[in-house]
$ cat target06.cif   # mmCIF, C-alpha atoms
data_entry
#
loop_
_atom_site.label_atom_id
_atom_site.label_comp_id
_atom_site.auth_asym_id
_atom_site.auth_seq_id
_atom_site.Cartn_x
_atom_site.Cartn_y
_atom_site.Cartn_z
CA MET H 724 0.00 0.00 0.00
CA ALA H 725 1.30 3.50 -0.85
CA SER H 726 2.41 5.90 1.86
CA LEU H 727 -0.62 7.03 3.87
CA PRO H 728 -1.41 10.42 5.47
CA GLU H 729 -0.69 10.74 9.18
CA GLN H 730 -4.34 10.34 10.21
CA VAL H 731 -4.81 7.20 8.13
CA ARG H 732 -3.54 3.73 8.91
CA ALA H 733 -3.91 0.37 7.21
CA MET H 734 -6.15 -2.24 8.81
CA ALA H 735 -6.05 -5.99 8.42
CA ALA H 736 -9.40 -7.65 7.77
CA GLU H 737 -9.24 -9.33 11.19
CA SER H 738 -8.25 -6.12 13.05
CA SER H 739 -10.47 -4.46 15.65
CA PHE H 740 -10.92 -0.80 16.54
CA ARG H 741 -12.81 1.31 19.06
CA PHE H 742 -15.48 3.58 17.60
CA HIS H 743 -19.13 4.49 18.05
CA CYS H 744 -21.13 7.32 16.49
CA HIS H 745 -24.46 8.52 17.90
CA PRO H 746 -26.36 11.80 18.43
CA GLY H 747 -24.78 12.20 21.86
CA VAL H 748 -21.23 12.75 20.60
CA SER H 749 -20.22 16.40 20.37
CA CYS H 750 -19.11 16.09 16.75
CA PHE H 751 -22.41 14.57 15.53
CA THR H 752 -22.82 15.26 11.76
CA ALA H 753 -19.44 17.08 11.55
CA CYS H 754 -18.27 14.39 9.12
CA CYS H 755 -21.22 15.30 6.85
CA ARG H 756 -19.63 18.66 6.00
CA ASP H 757 -16.64 19.90 4.06
CA LEU H 758 -16.17 16.75 2.02
CA GLU H 759 -16.19 15.42 -1.52
CA LEU H 760 -18.55 12.46 -1.59
CA ALA H 761 -18.22 10.30 -4.70
CA LEU H 762 -21.35 8.32 -5.57
CA SER H 763 -21.37 4.86 -7.10
CA PRO H 764 -24.17 3.74 -9.44
CA TYR H 765 -25.65 1.69 -6.60
CA ASP H 766 -25.50 4.71 -4.27
CA VAL H 767 -27.60 6.61 -6.80
CA ILE H 768 -30.14 3.78 -7.04
CA ARG H 769 -30.67 3.76 -3.29
CA LEU H 770 -30.83 7.54 -2.94
CA LYS H 771 -33.16 8.19 -5.86
CA GLN H 772 -35.52 5.46 -4.66
CA ALA H 773 -35.51 6.92 -1.14
CA LEU H 774 -36.35 10.34 -2.58
CA ALA H 775 -38.91 8.97 -5.08
CA LEU H 776 -36.99 10.51 -7.99
CA SER H 777 -35.97 9.28 -11.41
CA SER H 778 -32.26 8.85 -12.05
CA HIS H 779 -32.34 11.91 -14.33
CA ASP H 780 -33.99 14.10 -11.70
CA PHE H 781 -31.63 12.93 -8.97
CA LEU H 782 -28.58 13.69 -11.12
CA GLU H 783 -30.00 17.10 -12.02
CA ARG H 784 -30.79 18.10 -8.43
CA TYR H 785 -28.18 16.38 -6.31
CA ALA H 786 -25.15 15.41 -8.39
CA ILE H 787 -22.10 16.94 -10.01
CA ILE H 788 -20.48 14.99 -12.85
CA GLU H 789 -16.78 15.64 -13.41
CA PHE H 790 -14.49 14.36 -16.16
CA GLY H 791 -11.31 16.35 -15.96
CA PRO H 792 -8.30 16.02 -18.27
CA ASP H 793 -6.51 13.83 -15.71
CA ASP H 794 -9.49 11.55 -15.04
CA LEU H 795 -9.58 8.13 -16.68
CA TYR H 796 -13.36 7.98 -16.38
CA PRO H 797 -16.11 10.39 -15.20
CA LYS H 798 -16.94 10.66 -11.52
CA VAL H 799 -20.24 11.55 -9.89
CA TYR H 800 -20.22 13.57 -6.67
CA LEU H 801 -23.00 14.56 -4.31
CA ALA H 802 -23.72 18.29 -4.73
CA MET H 803 -23.20 19.92 -1.36
CA ILE H 804 -25.11 22.94 -0.04
CA ASP H 805 -23.42 26.31 -0.55
CA ASP H 806 -23.60 27.28 3.14
CA GLY H 807 -19.93 27.99 3.76
CA GLN H 808 -19.50 24.48 5.18
CA ALA H 809 -20.20 22.39 2.07
CA SER H 810 -22.89 20.51 4.02
CA CYS H 811 -24.60 17.38 2.78
CA PRO H 812 -28.11 18.25 1.51
CA PHE H 813 -29.58 15.33 3.45
CA VAL H 814 -28.18 16.08 6.91
CA ASP H 815 -29.93 17.83 9.77
CA ALA H 816 -27.82 19.10 12.66
CA TYR H 817 -30.26 17.73 15.25
CA SER H 818 -31.69 14.53 13.82
CA GLY H 819 -28.80 13.60 11.54
CA CYS H 820 -29.09 11.90 8.16
CA GLN H 821 -32.54 12.13 6.56
CA VAL H 822 -31.77 9.25 4.16
CA TYR H 823 -29.94 7.12 6.72
CA HIS H 824 -31.38 3.78 5.58
CA ASP H 825 -30.21 4.50 2.02
CA ARG H 826 -27.06 6.55 2.74
CA PRO H 827 -24.06 6.08 0.40
CA ASN H 828 -21.51 3.40 1.13
CA ALA H 829 -18.76 5.90 1.97
CA CYS H 830 -20.99 7.24 4.76
CA ARG H 831 -21.82 3.76 5.98
CA ILE H 832 -18.27 2.50 6.28
CA TYR H 833 -16.75 5.69 7.79
CA PRO H 834 -14.35 5.94 9.63
CA MET H 835 -13.14 2.94 7.67
CA GLY H 836 -12.25 2.92 4.01
CA ARG H 837 -12.21 -0.05 1.68
CA GLY H 838 -10.15 -0.37 -1.47
CA VAL H 839 -10.22 -3.22 -3.98
CA SER H 840 -7.69 -4.17 -6.63
CA LEU H 841 -7.53 -6.92 -9.22
CA ASP H 842 -4.64 -9.35 -9.39
CA GLU H 843 -3.19 -10.76 -12.61
CA HIS H 844 -5.93 -13.40 -12.66
CA GLY H 845 -8.74 -10.86 -12.32
CA LYS H 846 -9.43 -11.80 -8.70
CA SER H 847 -10.31 -8.97 -6.32
CA LYS H 848 -8.25 -8.22 -3.20
CA GLU H 849 -9.56 -6.04 -0.36
CA GLN H 850 -7.58 -3.46 1.57
CA PHE H 851 -8.88 -1.52 4.57
CA ILE H 852 -7.90 1.73 6.26
CA ILE H 853 -9.08 3.62 9.33
CA ILE H 854 -9.36 7.41 9.15
CA HIS H 855 -8.75 9.13 12.49
CA GLU H 856 -9.81 12.76 11.96
CA ASP H 857 -9.12 15.25 14.74
CA HIS H 858 -12.74 16.41 15.04
CA CYS H 859 -14.13 12.89 15.50
CA ARG H 860 -15.05 12.00 19.09
CA GLY H 861 -16.39 8.58 18.12
CA PHE H 862 -12.99 7.02 18.81
CA ALA H 863 -13.33 7.93 22.50
CA GLU H 864 -16.48 5.82 22.85
CA ASP H 865 -16.20 2.45 24.57
CA GLN H 866 -17.29 0.13 21.77
CA ASN H 867 -15.00 -2.29 19.94
CA GLN H 868 -15.62 -4.14 16.72
CA THR H 869 -13.69 -5.92 14.03
CA VAL H 870 -13.54 -4.76 10.42
CA GLN H 871 -16.00 -7.51 9.53
CA ASP H 872 -18.33 -6.61 12.41
CA TRP H 873 -18.41 -2.99 11.30
CA GLN H 874 -19.26 -3.89 7.71
CA ASN H 875 -22.02 -6.22 8.90
CA ASP H 876 -23.44 -3.60 11.25
CA GLN H 877 -23.41 -0.89 8.58
CA GLU H 878 -24.80 -3.25 5.90
CA THR H 879 -22.11 -2.49 3.35
CA HIS H 880 -21.99 -5.86 1.60
CA GLY H 881 -24.63 -5.13 -1.03
CA TYR H 882 -22.85 -1.89 -1.89
CA ASN H 883 -19.48 -3.64 -1.99
CA ARG H 884 -20.83 -6.31 -4.30
CA PHE H 885 -22.05 -3.80 -6.89
CA ASN H 886 -18.90 -1.68 -6.61
CA ASP H 887 -16.76 -4.76 -7.22
CA LEU H 888 -18.75 -5.59 -10.36
CA LEU H 889 -17.43 -2.33 -11.82
CA LEU H 890 -13.78 -3.30 -11.40
CA PRO H 891 -13.32 -4.91 -14.84
CA LEU H 892 -14.52 -1.63 -16.37
CA LEU H 893 -12.46 0.67 -14.17
CA VAL H 894 -9.30 -1.40 -13.70
CA PRO H 895 -8.31 -3.25 -16.88
CA TYR H 896 -6.57 -6.61 -16.33
CA ASP H 897 -3.73 -5.53 -18.63
CA GLN H 898 -1.83 -3.04 -16.49
CA ALA H 899 -0.39 -1.48 -19.64
CA GLN H 900 -3.86 -0.08 -20.33
CA THR H 901 -4.47 1.53 -16.96
CA SER H 902 -3.68 4.99 -18.36
CA GLN H 903 -6.16 4.62 -21.22
CA ARG H 904 -8.66 7.44 -20.73
CA LEU H 905 -12.24 7.13 -21.89
CA SER H 906 -13.18 9.20 -24.89
CA SER H 907 -15.93 11.81 -24.51
CA ALA H 908 -18.40 9.47 -26.20
CA GLU H 909 -17.40 6.59 -23.91
CA ALA H 910 -17.65 8.84 -20.85
CA ASN H 911 -21.19 9.85 -21.83
CA LEU H 912 -22.12 6.20 -22.40
CA PHE H 913 -20.62 5.31 -19.01
CA ILE H 914 -22.87 7.83 -17.21
CA ASP H 915 -25.98 7.16 -19.30
CA THR H 916 -25.67 3.38 -18.84
CA LEU H 917 -24.69 3.07 -15.19
CA TYR H 918 -26.13 6.18 -13.52
CA ASN H 919 -29.29 6.78 -15.56
CA LEU H 920 -30.96 3.40 -15.69
CA GLU H 921 -34.26 4.69 -17.05
CA LEU H 922 -32.40 6.19 -20.02
CA PHE H 923 -30.43 2.98 -20.54
CA LYS H 924 -33.62 0.93 -20.45
CA SER H 925 -35.38 3.24 -22.89
CA ARG H 926 -32.50 3.26 -25.38
CA PHE H 927 -32.00 -0.49 -25.10
CA SER H 928 -35.69 -1.16 -25.66
CA ARG H 929 -35.67 0.97 -28.83
CA SER H 930 -32.52 -0.56 -30.28
CA SER H 931 -32.81 -4.23 -29.32
CA THR H 932 -35.27 -6.98 -30.14
CA ASP H 933 -34.27 -8.57 -26.83
CA SER H 934 -35.74 -5.84 -24.63
CA ASP H 935 -37.98 -8.36 -22.84
CA ALA H 936 -34.81 -9.72 -21.20
CA LEU H 937 -34.32 -6.51 -19.21
CA PRO H 938 -34.90 -6.99 -15.45
CA ASP H 939 -37.75 -5.16 -13.76
CA ASN H 940 -35.91 -3.95 -10.65
CA ASP H 941 -33.08 -1.42 -10.54
CA PRO H 942 -30.38 -3.53 -8.83
CA ALA H 943 -30.81 -6.35 -11.35
CA LEU H 944 -30.96 -3.81 -14.17
CA LEU H 945 -27.69 -2.26 -12.98
CA ARG H 946 -26.01 -5.67 -13.05
CA TYR H 947 -27.34 -6.14 -16.59
CA ALA H 948 -26.12 -2.67 -17.61
CA ILE H 949 -22.62 -3.36 -16.24
CA ASP H 950 -22.40 -6.61 -18.21
CA TRP H 951 -23.76 -4.91 -21.34
CA LEU H 952 -21.25 -2.06 -21.15
CA GLN H 953 -18.36 -4.44 -20.60
CA GLN H 954 -19.39 -6.38 -23.72
CA GLN H 955 -19.57 -3.16 -25.76
CA TRP H 956 -16.05 -2.16 -24.78
CA GLN H 957 -14.35 -5.53 -24.72
CA PRO H 958 -13.35 -5.75 -28.41
CA ALA H 959 -11.79 -2.27 -28.44
CA ARG H 960 -10.40 -2.04 -24.90
#

$ encode --input "target06.cif" --output "structure tokens"
Amino acid sequence: MASLPEQVRAMAAESSFRFHCHPGVSCFTACCRDLELALSPYDVIRLKQALALSSHDFLERYAIIEFGPDDLYPKVYLAMIDDGQASCPFVDAYSGCQVYHDRPNACRIYPMGRGVSLDEHGKSKEQFIIIHEDHCRGFAEDQNQTVQDWQNDQETHGYNRFNDLLLPLLVPYDQAQTSQRLSSAEANLFIDTLYNLELFKSRFSRSSTDSDALPDNDPALLRYAIDWLQQQWQPAR
């Protein structure tokens, strides 16, 4: 693992740590401000369903899509409130997260972080970190758990599963291709396929005689969309 910042340390999967967050800690919701929160396609599914929005409307109201010259693929971020603190639009200082049941995976797993890489055989390998920010009082609470316990408690496994399905798209097996940036057309297709499932379903239904094969629910449709996009790119990438 590359050199880590002072407040970050690597964690083994069997490691334990002391942490507990609840409304009684003095820093409650402080971690919901002044941050860049990247959203995965599955994050968007959960949030837009919780808010009873279409994918298009969620992206219009609550997301920022960036594809800078140094980015290999576009990234979707939650649009924060312009209140001088870059606050999450779904957080209330007194009652906390208003979409807690469907909060993004990065929020769930905090103060942990999880990274995944592919080996030469295309098998995924997990790496974990713990982020010990100065403002966080949760580390002073008397509650211990293992890395696995924390993931179980925060119900991250469904999110992890969908994020890992994206790895073949985001991390090519051939390491010589890792600097191959998506074209503008590919970047648009990436967003339209994975983050705007209603648009993907509509376009697929118009262009394919096999539209009856499309799943009815969003999680299954996302899995289908990931497989479809990988097939589209495989000959050229």

$ closest_residue --input "target06.cif" --among "H:Cys820, H:Met734, H:Leu917, H:Leu922" --to "Ala753 (chain H)" --atoms "all atoms listed in the file"
H:Cys820

$ resolve_selection --input "target06.cif" --expression "the PyMOL selection byres ((chain H and resi 859-869) around 9)" --output "CSV table (one decimal) with C-alpha atoms, in the coordinates of the input"
chain,number,residue,atom,x,y,z
H,736,ALA,CA,-9.4,-7.6,7.8
H,737,GLU,CA,-9.2,-9.3,11.2
H,738,SER,CA,-8.2,-6.1,13.0
H,739,SER,CA,-10.5,-4.5,15.6
H,740,PHE,CA,-10.9,-0.8,16.5
H,741,ARG,CA,-12.8,1.3,19.1
H,742,PHE,CA,-15.5,3.6,17.6
H,743,HIS,CA,-19.1,4.5,18.0
H,744,CYS,CA,-21.1,7.3,16.5
H,745,HIS,CA,-24.5,8.5,17.9
H,748,VAL,CA,-21.2,12.8,20.6
H,749,SER,CA,-20.2,16.4,20.4
H,750,CYS,CA,-19.1,16.1,16.8
H,751,PHE,CA,-22.4,14.6,15.5
H,753,ALA,CA,-19.4,17.1,11.6
H,754,CYS,CA,-18.3,14.4,9.1
H,855,HIS,CA,-8.8,9.1,12.5
H,856,GLU,CA,-9.8,12.8,12.0
H,857,ASP,CA,-9.1,15.2,14.7
H,858,HIS,CA,-12.7,16.4,15.0
H,870,VAL,CA,-13.5,-4.8,10.4
H,871,GLN,CA,-16.0,-7.5,9.5
H,872,ASP,CA,-18.3,-6.6,12.4
H,873,TRP,CA,-18.4,-3.0,11.3
H,874,GLN,CA,-19.3,-3.9,7.7

$ atom_distance --input "target06.cif" --atom1 "CA of Ala829 (chain H)" --atom2 "CA of Leu762 (chain H)"
8.3 Å

$ atom_distance --input "target06.cif" --atom1 "CA of Asp780 (chain H)" --atom2 "CA of Val814 (chain H)"
19.6 Å

$ closest_residue --input "target06.cif" --among "H:Asp757, H:Asp842, H:Glu849, H:Asp793" --to "Cys811 (chain H)" --atoms "all atoms listed in the file"
H:Asp757

$ closest_residue --input "target06.cif" --among "H:Cys755, H:Ala773, H:Ile853, H:Ala908" --to "Val731 (chain H)" --atoms "all atoms listed in the file"
H:Ile853

$ closest_residue --input "target06.cif" --among "H:Arg784, H:Lys798, H:Lys924, H:Lys846" --to "Asp939 (chain H)" --atoms "all atoms listed in the file"
H:Lys924

$ closest_residue --input "target06.cif" --among "H:Ala802, H:Glu921, H:Leu952, H:Ala910" --to "Asn940 (chain H)" --atoms "all atoms listed in the file"
H:Glu921

$ resolve_selection --input "target06.cif" --expression "the PyMOL selection byres ((chain H and resi 809) around 10)" --output "list in words"
Cys755, Arg756, Asp757, Leu758, Glu759, Ala802, Met803, Ile804, Asp805, Asp806, Gly807, Gln808, Ser810, Cys811 and Pro812 of chain H

$ build_atoms --input "target06.cif" --residues "region 767-778 of chain H" --atoms "all heavy atoms" --output "PDB file, in the frame of the given file"
ATOM      1  N   VAL H 767     -26.567   5.805  -6.146  1.00  0.00           N
ATOM      2  CA  VAL H 767     -27.600   6.610  -6.800  1.00  0.00           C
ATOM      3  C   VAL H 767     -28.933   5.862  -6.821  1.00  0.00           C
ATOM      4  O   VAL H 767     -29.994   6.462  -6.593  1.00  0.00           O
ATOM      5  CB  VAL H 767     -27.158   7.003  -8.224  1.00  0.00           C
ATOM      6  CG1 VAL H 767     -28.315   7.638  -9.009  1.00  0.00           C
ATOM      7  CG2 VAL H 767     -25.983   7.971  -8.160  1.00  0.00           C
ATOM      8  N   ILE H 768     -28.896   4.568  -7.076  1.00  0.00           N
ATOM      9  CA  ILE H 768     -30.140   3.780  -7.040  1.00  0.00           C
ATOM     10  C   ILE H 768     -30.828   3.919  -5.683  1.00  0.00           C
ATOM     11  O   ILE H 768     -32.026   4.217  -5.596  1.00  0.00           O
ATOM     12  CB  ILE H 768     -29.844   2.293  -7.324  1.00  0.00           C
ATOM     13  CG1 ILE H 768     -29.602   2.068  -8.807  1.00  0.00           C
ATOM     14  CG2 ILE H 768     -31.025   1.420  -6.872  1.00  0.00           C
ATOM     15  CD1 ILE H 768     -29.272   0.627  -9.155  1.00  0.00           C
ATOM     16  N   ARG H 769     -30.076   3.721  -4.619  1.00  0.00           N
ATOM     17  CA  ARG H 769     -30.670   3.760  -3.290  1.00  0.00           C
ATOM     18  C   ARG H 769     -31.194   5.151  -2.945  1.00  0.00           C
ATOM     19  O   ARG H 769     -32.289   5.307  -2.388  1.00  0.00           O
ATOM     20  CB  ARG H 769     -29.643   3.292  -2.255  1.00  0.00           C
ATOM     21  CG  ARG H 769     -29.255   1.818  -2.387  1.00  0.00           C
ATOM     22  CD  ARG H 769     -30.393   0.901  -1.958  1.00  0.00           C
ATOM     23  NE  ARG H 769     -30.689   1.048  -0.543  1.00  0.00           N
ATOM     24  CZ  ARG H 769     -30.181   0.286   0.429  1.00  0.00           C
ATOM     25  NH1 ARG H 769     -29.333  -0.691   0.136  1.00  0.00           N
ATOM     26  NH2 ARG H 769     -30.515   0.483   1.695  1.00  0.00           N
ATOM     27  N   LEU H 770     -30.415   6.183  -3.277  1.00  0.00           N
ATOM     28  CA  LEU H 770     -30.830   7.540  -2.940  1.00  0.00           C
ATOM     29  C   LEU H 770     -32.037   7.989  -3.754  1.00  0.00           C
ATOM     30  O   LEU H 770     -32.980   8.571  -3.213  1.00  0.00           O
ATOM     31  CB  LEU H 770     -29.672   8.504  -3.152  1.00  0.00           C
ATOM     32  CG  LEU H 770     -28.542   8.434  -2.121  1.00  0.00           C
ATOM     33  CD1 LEU H 770     -27.347   9.270  -2.576  1.00  0.00           C
ATOM     34  CD2 LEU H 770     -29.023   8.902  -0.754  1.00  0.00           C
ATOM     35  N   LYS H 771     -32.037   7.717  -5.032  1.00  0.00           N
ATOM     36  CA  LYS H 771     -33.160   8.190  -5.860  1.00  0.00           C
ATOM     37  C   LYS H 771     -34.443   7.449  -5.522  1.00  0.00           C
ATOM     38  O   LYS H 771     -35.535   8.022  -5.571  1.00  0.00           O
ATOM     39  CB  LYS H 771     -32.809   8.091  -7.350  1.00  0.00           C
ATOM     40  CG  LYS H 771     -32.593   6.689  -7.907  1.00  0.00           C
ATOM     41  CD  LYS H 771     -33.742   6.270  -8.812  1.00  0.00           C
ATOM     42  CE  LYS H 771     -33.458   4.965  -9.532  1.00  0.00           C
ATOM     43  NZ  LYS H 771     -34.592   4.524 -10.368  1.00  0.00           N
ATOM     44  N   GLN H 772     -34.324   6.182  -5.105  1.00  0.00           N
ATOM     45  CA  GLN H 772     -35.520   5.460  -4.660  1.00  0.00           C
ATOM     46  C   GLN H 772     -36.027   6.023  -3.337  1.00  0.00           C
ATOM     47  O   GLN H 772     -37.236   6.167  -3.140  1.00  0.00           O
ATOM     48  CB  GLN H 772     -35.203   3.971  -4.533  1.00  0.00           C
ATOM     49  CG  GLN H 772     -35.019   3.270  -5.867  1.00  0.00           C
ATOM     50  CD  GLN H 772     -34.709   1.793  -5.722  1.00  0.00           C
ATOM     51  OE1 GLN H 772     -34.338   1.322  -4.639  1.00  0.00           O
ATOM     52  NE2 GLN H 772     -34.834   1.055  -6.806  1.00  0.00           N
ATOM     53  N   ALA H 773     -35.107   6.350  -2.433  1.00  0.00           N
ATOM     54  CA  ALA H 773     -35.510   6.920  -1.140  1.00  0.00           C
ATOM     55  C   ALA H 773     -36.208   8.253  -1.311  1.00  0.00           C
ATOM     56  O   ALA H 773     -37.111   8.596  -0.537  1.00  0.00           O
ATOM     57  CB  ALA H 773     -34.287   7.077  -0.239  1.00  0.00           C
ATOM     58  N   LEU H 774     -35.798   9.009  -2.332  1.00  0.00           N
ATOM     59  CA  LEU H 774     -36.350  10.340  -2.580  1.00  0.00           C
ATOM     60  C   LEU H 774     -37.496  10.317  -3.580  1.00  0.00           C
ATOM     61  O   LEU H 774     -38.053  11.377  -3.896  1.00  0.00           O
ATOM     62  CB  LEU H 774     -35.242  11.268  -3.081  1.00  0.00           C
ATOM     63  CG  LEU H 774     -34.073  11.480  -2.108  1.00  0.00           C
ATOM     64  CD1 LEU H 774     -32.896  12.126  -2.830  1.00  0.00           C
ATOM     65  CD2 LEU H 774     -34.512  12.333  -0.927  1.00  0.00           C
ATOM     66  N   ALA H 775     -37.840   9.124  -4.084  1.00  0.00           N
ATOM     67  CA  ALA H 775     -38.910   8.970  -5.080  1.00  0.00           C
ATOM     68  C   ALA H 775     -38.638   9.826  -6.314  1.00  0.00           C
ATOM     69  O   ALA H 775     -39.520  10.540  -6.807  1.00  0.00           O
ATOM     70  CB  ALA H 775     -40.274   9.299  -4.475  1.00  0.00           C
ATOM     71  N   LEU H 776     -37.402   9.766  -6.816  1.00  0.00           N
ATOM     72  CA  LEU H 776     -36.990  10.510  -7.990  1.00  0.00           C
ATOM     73  C   LEU H 776     -36.548   9.561  -9.084  1.00  0.00           C
ATOM     74  O   LEU H 776     -36.136   8.433  -8.815  1.00  0.00           O
ATOM     75  CB  LEU H 776     -35.828  11.457  -7.662  1.00  0.00           C
ATOM     76  CG  LEU H 776     -36.087  12.606  -6.693  1.00  0.00           C
ATOM     77  CD1 LEU H 776     -34.779  13.302  -6.356  1.00  0.00           C
ATOM     78  CD2 LEU H 776     -37.090  13.593  -7.270  1.00  0.00           C
ATOM     79  N   SER H 777     -36.606  10.015 -10.317  1.00  0.00           N
ATOM     80  CA  SER H 777     -35.970   9.280 -11.410  1.00  0.00           C
ATOM     81  C   SER H 777     -34.470   9.496 -11.325  1.00  0.00           C
ATOM     82  O   SER H 777     -33.989  10.428 -10.654  1.00  0.00           O
ATOM     83  CB  SER H 777     -36.494   9.770 -12.754  1.00  0.00           C
ATOM     84  OG  SER H 777     -36.056  11.101 -12.994  1.00  0.00           O
ATOM     85  N   SER H 778     -33.714   8.659 -12.009  1.00  0.00           N
ATOM     86  CA  SER H 778     -32.260   8.850 -12.050  1.00  0.00           C
ATOM     87  C   SER H 778     -31.916  10.213 -12.622  1.00  0.00           C
ATOM     88  O   SER H 778     -31.041  10.919 -12.097  1.00  0.00           O
ATOM     89  CB  SER H 778     -31.614   7.757 -12.912  1.00  0.00           C
ATOM     90  OG  SER H 778     -31.873   6.475 -12.397  1.00  0.00           O
TER      91      SER H 778
END
